[in-house]
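What follows is the content of my_file-v7.txt (compact mmCIF, C-alpha atoms and all ligand atoms).
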# COMPACT_ATOMS: atom_id res chain seq x y z
CA MET A 691 3.10 -9.25 -21.42
CA ARG A 692 2.48 -8.33 -17.82
CA THR A 693 -0.94 -9.90 -17.77
CA THR A 694 0.39 -13.17 -19.16
CA ARG A 695 3.23 -13.24 -16.67
CA TYR A 696 0.94 -12.49 -13.77
CA GLY A 697 -1.56 -15.08 -14.95
CA ALA A 698 1.16 -17.70 -14.68
CA LEU A 699 2.31 -16.33 -11.33
CA ALA A 700 -1.16 -16.27 -9.89
CA MET A 701 -1.79 -19.85 -10.99
CA ALA A 702 1.50 -21.00 -9.50
CA ALA A 703 0.70 -19.21 -6.28
CA ALA A 704 -2.78 -20.68 -6.22
CA ALA A 705 -1.36 -24.17 -6.65
CA ALA A 706 1.09 -23.58 -3.83
CA LEU A 707 -1.48 -22.19 -1.42
CA THR A 708 -3.04 -24.40 1.16
CA LEU A 709 -6.43 -23.58 2.59
CA SER A 710 -5.06 -24.00 6.07
CA ALA A 711 -2.39 -21.32 5.64
CA CYS A 712 -4.00 -19.10 8.23
CA GLY A 713 -7.23 -20.73 9.17
CA GLY A 714 -10.16 -19.50 7.16
CA GLY A 715 -13.86 -20.15 7.35
CA GLY A 716 -14.19 -18.87 10.91
CA GLU A 717 -16.81 -16.48 12.18
CA THR A 718 -16.20 -12.85 11.34
CA GLU A 719 -17.06 -9.88 13.47
CA GLY A 720 -19.34 -8.14 11.07
CA GLY A 721 -20.28 -10.45 8.24
CA GLY A 722 -21.82 -13.85 7.83
CA GLU A 723 -25.01 -15.32 9.25
CA GLY A 724 -26.60 -12.97 11.72
CA GLY A 725 -23.58 -10.63 11.47
CA GLY A 726 -23.96 -6.89 11.50
CA ALA A 727 -23.62 -6.46 7.75
CA GLU A 728 -26.61 -8.56 6.76
CA ALA A 729 -28.67 -8.22 9.90
CA GLY A 730 -28.55 -4.54 10.73
CA GLY A 731 -27.22 -2.74 7.70
CA GLU A 732 -24.04 -1.85 9.55
CA THR A 733 -21.01 -0.54 7.80
CA ILE A 734 -17.37 -1.48 7.94
CA ARG A 735 -14.89 1.40 8.19
CA VAL A 736 -11.91 0.95 5.91
CA GLY A 737 -8.88 3.23 6.11
CA ILE A 738 -7.28 4.09 2.77
CA LYS A 739 -5.08 6.81 1.31
CA PHE A 740 -6.94 9.56 -0.55
CA ASP A 741 -3.95 10.99 -2.44
CA GLN A 742 -2.10 8.04 -3.97
CA PRO A 743 -3.26 7.54 -7.57
CA GLY A 744 -3.56 3.87 -8.59
CA LEU A 745 -3.58 2.77 -4.93
CA GLY A 746 -6.00 4.82 -2.84
CA PHE A 747 -7.38 7.92 -4.46
CA ASP A 748 -10.36 10.18 -3.79
CA GLU A 749 -12.03 11.01 -7.08
CA GLY A 750 -14.44 13.47 -5.50
CA GLY A 751 -16.28 11.10 -3.19
CA SER A 752 -15.67 7.86 -5.07
CA TYR A 753 -12.50 5.95 -4.44
CA SER A 754 -10.16 4.13 -6.81
CA GLY A 755 -6.94 2.15 -6.69
CA PHE A 756 -5.49 -1.26 -6.00
CA ASP A 757 -5.80 -0.90 -2.20
CA VAL A 758 -9.44 0.07 -2.68
CA ASP A 759 -10.10 -2.92 -4.95
CA VAL A 760 -8.46 -5.37 -2.54
CA ALA A 761 -10.41 -3.78 0.33
CA LYS A 762 -13.72 -4.14 -1.55
CA TYR A 763 -13.00 -7.78 -2.39
CA VAL A 764 -12.03 -8.62 1.20
CA ALA A 765 -15.00 -6.74 2.66
CA GLY A 766 -17.24 -8.66 0.24
CA GLU A 767 -15.84 -11.94 1.51
CA LEU A 768 -16.50 -10.77 5.07
CA GLY A 769 -20.15 -10.23 4.19
CA TYR A 770 -20.29 -6.52 3.37
CA THR A 771 -21.69 -5.01 0.20
CA GLU A 772 -19.86 -2.07 -1.38
CA GLU A 773 -22.55 0.26 0.00
CA GLN A 774 -21.69 -0.92 3.50
CA ILE A 775 -18.07 0.15 3.19
CA GLU A 776 -17.22 3.53 4.66
CA PHE A 777 -13.84 4.68 3.35
CA VAL A 778 -11.91 6.86 5.77
CA GLU A 779 -8.69 8.74 4.98
CA SER A 780 -5.74 7.22 6.82
CA PRO A 781 -2.55 9.27 6.34
CA SER A 782 0.72 7.45 7.03
CA ALA A 783 1.33 9.06 10.41
CA ASN A 784 -2.18 8.36 11.73
CA ARG A 785 -2.64 4.67 10.92
CA GLU A 786 -1.60 3.09 14.21
CA ASN A 787 -3.61 5.64 16.22
CA MET A 788 -6.68 5.25 14.05
CA LEU A 789 -6.66 1.52 14.70
CA ALA A 790 -5.83 1.83 18.39
CA ASN A 791 -8.67 4.36 18.83
CA GLU A 792 -11.02 2.13 16.81
CA GLN A 793 -11.74 4.85 14.26
CA VAL A 794 -11.43 2.22 11.50
CA ASP A 795 -11.90 -1.55 11.33
CA MET A 796 -9.28 -2.34 8.69
CA ILE A 797 -6.60 -0.33 6.90
CA PHE A 798 -5.56 -0.92 3.27
CA ALA A 799 -3.16 1.96 2.73
CA THR A 800 0.22 0.86 1.33
CA TYR A 801 0.78 -0.15 4.95
CA SER A 802 4.02 -2.06 5.36
CA ILE A 803 4.09 -4.87 7.92
CA THR A 804 6.86 -4.06 10.42
CA ASP A 805 7.82 -5.39 13.85
CA THR A 806 7.57 -1.90 15.36
CA ARG A 807 4.03 -1.43 14.08
CA LYS A 808 3.12 -4.93 15.26
CA GLU A 809 3.65 -3.70 18.82
CA THR A 810 0.54 -1.53 18.37
CA VAL A 811 -1.54 -3.15 15.61
CA ASP A 812 -2.11 -6.54 13.98
CA PHE A 813 -1.64 -7.26 10.30
CA ALA A 814 -3.22 -9.68 7.85
CA GLY A 815 -1.55 -10.13 4.46
CA PRO A 816 0.67 -9.39 2.74
CA TYR A 817 -1.34 -8.71 -0.40
CA PHE A 818 1.43 -6.96 -2.34
CA ILE A 819 5.17 -6.44 -2.06
CA ALA A 820 6.72 -3.16 -3.20
CA GLY A 821 10.19 -1.66 -2.72
CA GLN A 822 11.43 1.76 -1.62
CA ASP A 823 12.78 3.85 -4.47
CA LEU A 824 13.34 7.47 -5.50
CA LEU A 825 11.39 9.85 -7.71
CA VAL A 826 13.55 12.53 -9.29
CA ALA A 827 13.31 15.16 -12.01
CA ALA A 828 13.32 13.65 -15.52
CA ASP A 829 16.78 15.10 -16.18
CA SER A 830 18.28 14.31 -12.74
CA ASP A 831 21.58 12.42 -12.39
CA ILE A 832 20.54 10.82 -9.07
CA SER A 833 20.62 7.04 -9.50
CA GLY A 834 20.25 5.75 -5.94
CA PRO A 835 20.24 6.70 -2.26
CA ASP A 836 24.03 7.04 -2.20
CA ASP A 837 23.77 10.03 -4.51
CA LEU A 838 21.68 11.95 -1.99
CA ASN A 839 24.47 13.42 0.11
CA GLY A 840 23.87 17.12 0.60
CA ARG A 841 20.57 16.99 -1.29
CA ASN A 842 17.03 17.73 -0.19
CA LEU A 843 14.93 14.58 0.08
CA CYS A 844 11.20 14.56 0.80
CA SER A 845 9.19 11.80 2.41
CA VAL A 846 6.10 11.40 4.54
CA THR A 847 5.93 11.55 8.32
CA GLY A 848 5.18 8.18 9.88
CA SER A 849 6.28 6.16 6.84
CA THR A 850 8.88 3.41 6.76
CA SER A 851 10.47 5.41 3.94
CA ALA A 852 11.24 8.43 6.13
CA GLN A 853 12.37 6.14 8.96
CA ARG A 854 14.80 4.26 6.69
CA VAL A 855 16.28 7.54 5.49
CA LYS A 856 16.76 8.66 9.09
CA ASP A 857 18.34 5.34 10.05
CA GLU A 858 20.53 4.83 7.00
CA PHE A 859 21.14 8.12 5.19
CA ALA A 860 20.29 10.90 7.63
CA GLU A 861 23.88 11.99 8.19
CA ASP A 862 24.32 13.55 4.80
CA VAL A 863 20.85 14.05 3.40
CA ASN A 864 18.49 16.84 4.29
CA LEU A 865 15.19 15.07 5.00
CA ILE A 866 12.05 17.14 4.61
CA GLU A 867 8.93 15.48 5.94
CA GLN A 868 5.45 16.20 4.62
CA PRO A 869 2.00 14.83 5.54
CA GLY A 870 1.49 13.22 2.08
CA TYR A 871 3.44 12.29 -1.05
CA ALA A 872 1.55 14.73 -3.27
CA GLU A 873 2.98 17.59 -1.17
CA CYS A 874 6.50 16.18 -1.75
CA VAL A 875 5.90 16.03 -5.51
CA SER A 876 4.70 19.62 -5.66
CA LEU A 877 7.79 20.75 -3.70
CA MET A 878 9.93 18.94 -6.25
CA GLY A 879 7.97 20.55 -9.07
CA SER A 880 8.91 23.97 -7.70
CA GLY A 881 12.58 22.95 -7.40
CA GLN A 882 12.73 22.97 -3.59
CA ILE A 883 13.76 19.35 -3.24
CA ASP A 884 15.88 16.95 -5.28
CA ALA A 885 14.10 13.63 -4.72
CA VAL A 886 11.02 12.04 -3.17
CA THR A 887 11.35 8.66 -1.55
CA THR A 888 8.75 6.02 -0.83
CA ASP A 889 7.51 2.76 -2.36
CA ASP A 890 8.12 2.40 -6.09
CA ILE A 891 4.46 1.69 -6.89
CA ILE A 892 3.38 4.93 -5.17
CA LEU A 893 6.04 6.97 -6.97
CA ALA A 894 5.13 5.47 -10.35
CA GLY A 895 1.46 6.37 -9.83
CA LEU A 896 2.37 9.96 -8.94
CA ALA A 897 4.69 10.27 -11.95
CA ALA A 898 1.91 9.08 -14.26
CA GLN A 899 -0.60 11.69 -13.07
CA GLU A 900 -1.60 13.97 -15.90
CA SER A 901 -0.30 17.08 -14.18
CA ASN A 902 3.11 15.46 -13.59
CA GLN A 903 3.61 13.69 -16.90
CA GLY A 904 7.09 14.01 -18.42
CA GLN A 905 8.43 15.88 -15.38
CA PHE A 906 9.69 13.06 -13.17
CA LYS A 907 11.13 9.56 -13.33
CA VAL A 908 11.34 6.68 -10.86
CA VAL A 909 15.01 5.70 -10.50
CA GLY A 910 14.15 1.97 -10.63
CA ASN A 911 16.68 0.82 -8.07
CA PRO A 912 14.57 -0.39 -5.10
CA PHE A 913 16.36 -0.67 -1.76
CA SER A 914 13.82 -2.37 0.55
CA GLU A 915 10.96 -4.87 0.62
CA GLU A 916 7.64 -3.33 1.63
CA ARG A 917 5.10 -6.04 2.44
CA TYR A 918 1.66 -4.45 2.29
CA GLY A 919 -0.52 -5.70 5.12
CA VAL A 920 -4.09 -5.13 6.21
CA GLY A 921 -3.88 -3.14 9.43
CA LEU A 922 -6.17 -4.39 12.21
CA THR A 923 -6.82 -3.52 15.82
CA LYS A 924 -4.77 -5.61 18.24
CA GLY A 925 -6.53 -8.89 18.90
CA SER A 926 -8.90 -8.55 15.95
CA GLU A 927 -10.54 -11.82 14.95
CA LEU A 928 -10.63 -10.92 11.27
CA CYS A 929 -7.10 -11.92 10.31
CA SER A 930 -7.64 -15.52 9.13
CA ASP A 931 -10.75 -14.62 7.16
CA ILE A 932 -8.95 -11.71 5.52
CA ASN A 933 -6.03 -13.91 4.50
CA ALA A 934 -8.43 -16.50 3.11
CA ALA A 935 -10.13 -13.73 1.12
CA ILE A 936 -6.81 -12.48 -0.29
CA GLU A 937 -5.87 -16.06 -1.26
CA LYS A 938 -9.19 -16.41 -3.03
CA MET A 939 -8.72 -13.08 -4.81
CA ILE A 940 -5.34 -14.27 -6.11
CA GLU A 941 -6.66 -17.73 -7.07
CA GLU A 942 -9.63 -16.30 -8.96
CA GLY A 943 -7.49 -13.88 -10.96
CA ALA A 944 -9.22 -10.82 -9.46
CA TRP A 945 -5.96 -9.73 -7.80
CA GLU A 946 -4.11 -9.76 -11.11
CA GLU A 947 -6.98 -7.96 -12.84
CA ALA A 948 -7.12 -5.25 -10.17
CA LEU A 949 -3.38 -4.70 -10.38
CA ALA A 950 -3.40 -4.50 -14.18
CA ASN A 951 -6.40 -2.12 -14.22
CA ASN A 952 -4.87 0.22 -11.68
CA LEU A 953 -1.45 0.21 -13.36
CA GLU A 954 -2.82 1.03 -16.78
CA GLY A 955 -0.77 3.90 -18.18
CA VAL A 956 1.70 3.66 -15.29
CA ASP A 957 5.32 2.85 -16.07
CA TYR A 958 5.76 0.19 -13.36
CA GLU A 959 6.55 -3.52 -13.28
CA PRO A 960 5.80 -5.18 -9.95
CA ASN A 961 8.56 -7.48 -8.70
CA ALA A 962 7.49 -10.78 -10.27
CA GLU A 963 9.60 -12.83 -7.88
CA LEU A 964 7.73 -11.47 -4.88
CA ASN A 965 4.22 -11.06 -6.31
CA PRO A 966 1.61 -12.28 -5.82
CA PRO A 967 2.67 -12.93 -2.25
CA THR A 968 1.34 -15.61 0.09
CA PRO A 969 -0.89 -13.95 2.70
CA ASP A 970 0.31 -15.88 5.73
CA ASP A 971 1.10 -13.12 8.21
CA CYS A 972 -1.52 -13.28 10.94
CA ALA A 973 0.45 -11.37 13.53
N1 LIG B 1 4.78 1.42 2.73
C1 LIG B 1 5.42 2.43 3.50
C2 LIG B 1 4.77 2.57 4.86
O1 LIG B 1 3.90 1.84 5.22
C3 LIG B 1 5.46 3.76 2.79
C4 LIG B 1 4.17 4.15 2.16
C5 LIG B 1 3.24 4.89 3.09
O2 LIG B 1 3.65 5.90 3.70
O3 LIG B 1 2.09 4.50 3.17
O4 LIG B 1 5.17 3.40 5.62

As structure tokens, how would this structure be written, given the file I've shared?
Amino acid sequence: MRTTRYGALAMAAAAALTLSACGGGGETEGGGEGGGAEAGGETIRVGIKFDQPGLGFDEGGSYSGFDVDVAKYVAGELGYTEEQIEFVESPSANRENMLANEQVDMIFATYSITDTRKETVDFAGPYFIAGQDLLVAADSDISGPDDLNGRNLCSVTGSTSAQRVKDEFAEDVNLIEQPGYAECVSLMGSGQIDAVTTDDIILAGLAAQESNQGQFKVVGNPFSEERYGVGLTKGSELCSDINAAIEKMIEEGAWEEALANNLEGVDYEPNAELNPPTPDDCA
């Protein structure tokens, strides 16, 4: 069912897209004729998450997930082979700094486009739209953020999820911040916290992990829109080419295929009204 629905969505989106949405066809920094990738065997450094199954996950030196697949497609369009991609772990709290210090060239790491972040980094995209939700124990009675008063809630430092909790629920909830979502899930497994909050697609991937199966459920009541962008250094010239590559990935059906492959066995339905998005955000 999902595949059929997304096929129709992708075709509709493709029909609606214009090639001029954000330029396209310009020179890129690393790829193309005489670019570093083909000329000198250079690599492109791509920041991803290493601990988010189905999105960015380190399988012992090889990397899987939807972010990884979109990154590979985009890098390919920029002129890089898969061997020329160097994946670098980019935890939530380090993303802006890693770009500002030029430790990575692009970040595909469930990285929401926000005005605050745009003060430090540029974004291409969006290439996916998720929503913030809650992961709770399978038998929990928590059904939304309003039920969190007096409870222990875990999220990740430097994420929009933790920031939203601080801004909107901090008065009555006890927020515990961790460096990664896997740490939050293990704290919940040992009964130290009542809920984990971040994007629904991340939570669903964690819940589906073999070691967690049957233990947790995603509440399914999203309370934000998280537009996943490609993080870039300020002033990067890659934005239009990246957006053109994402458009092409959607048009060709590779976006839909990557999403379906990475969500196999995961109890998650992407918001069909918002996905696939139009990548028109060259900040
Ligand atoms: N998408 C949100 C963010 O960019 C939460 C997920 C994450 O921490 O990567 O902050």

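Restricting the atom set to only C-alpha atoms and all ligand atoms, one finds that the residues within 8 Å of ligand LIG 1 (chain B) amount to Lys739, Pro781, Ser782, Ala783, Ala799, Thr800, Tyr801, Ser802, Ile803, Ala820, Gln822, Val846, Thr847, Gly848, Ser849, Thr850, Ser851, Ala852, Gly870, Tyr871, Thr888, Asp889, Ile892, Glu916, Arg917 and Tyr918 of chain A.
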
- Could you tell me which of A:Ile883, A:Leu838, A:Cys844, A:Ile936 comes closest to Val863 of chain A if we count all atoms listed in the file? A:Leu838

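We find atom CA of Val875 of chain A and atom CA of Gly755 of chain A to be spaced 18.9 Å apart.
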
Counting only C-alpha atoms, which residues of segment 873-930 of chain A sit at most 9 Å from some atom of segment 965-971 of chain A, and what is each one's closest atom pair with its distance in Å to one decimal, listed by chain and rising residue number, as a Markdown table?
| residue | atom | partner | partner_atom | distance |
| --- | --- | --- | --- | --- |
| A:Arg917 | CA | A:Pro967 | CA | 8.7 |
| A:Gly919 | CA | A:Asp971 | CA | 8.2 |
| A:Cys929 | CA | A:Asp971 | CA | 8.5 |
| A:Ser930 | CA | A:Asp970 | CA | 8.7 |

- Counting all atoms listed in the file, which of A:Leu865, A:Ser780, A:Glu915, A:Arg807 gets nearest to Asp795 of chain A? A:Ser780

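Counting from atom CA of Val794 of chain A, the distance to atom CA of Lys924 of chain A is 12.3 Å.
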
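Take the candidates A:Val778, A:Ile866, A:Val811, A:Ala948 and check each one against Gly751 of chain A using only C-alpha atoms; the shortest distance goes to A:Val778.
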
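Counting all atoms listed in the file and comparing A:Ile891, A:Val764, A:Phe906, A:Asp812, the residue that lies closest to Ala827 of chain A is A:Phe906.
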
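If all atoms listed in the file are the atoms counted, then among A:Gly815, A:Gly840, A:Pro869, A:Gly834 the closest residue to Leu928 of chain A is A:Gly815.
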
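Considering all atoms listed in the file, the residue among A:Leu922, A:Ala860, A:Ala894, A:Ala761 positioned nearest to Gly821 of chain A is A:Ala894.
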
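Computed from the coordinates, the atom CA of Ala944 of chain A to atom CA of Ser752 of chain A distance equals 20.2 Å.
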
- Query: Neighbours of Ser833 of chain A within 12 Å (only C-alpha atoms; same-chain residues fewer than 6 positions away dropped), as a PyMOL selection string?
  - Reply: chain A and resi 823-827+884-885+907-913
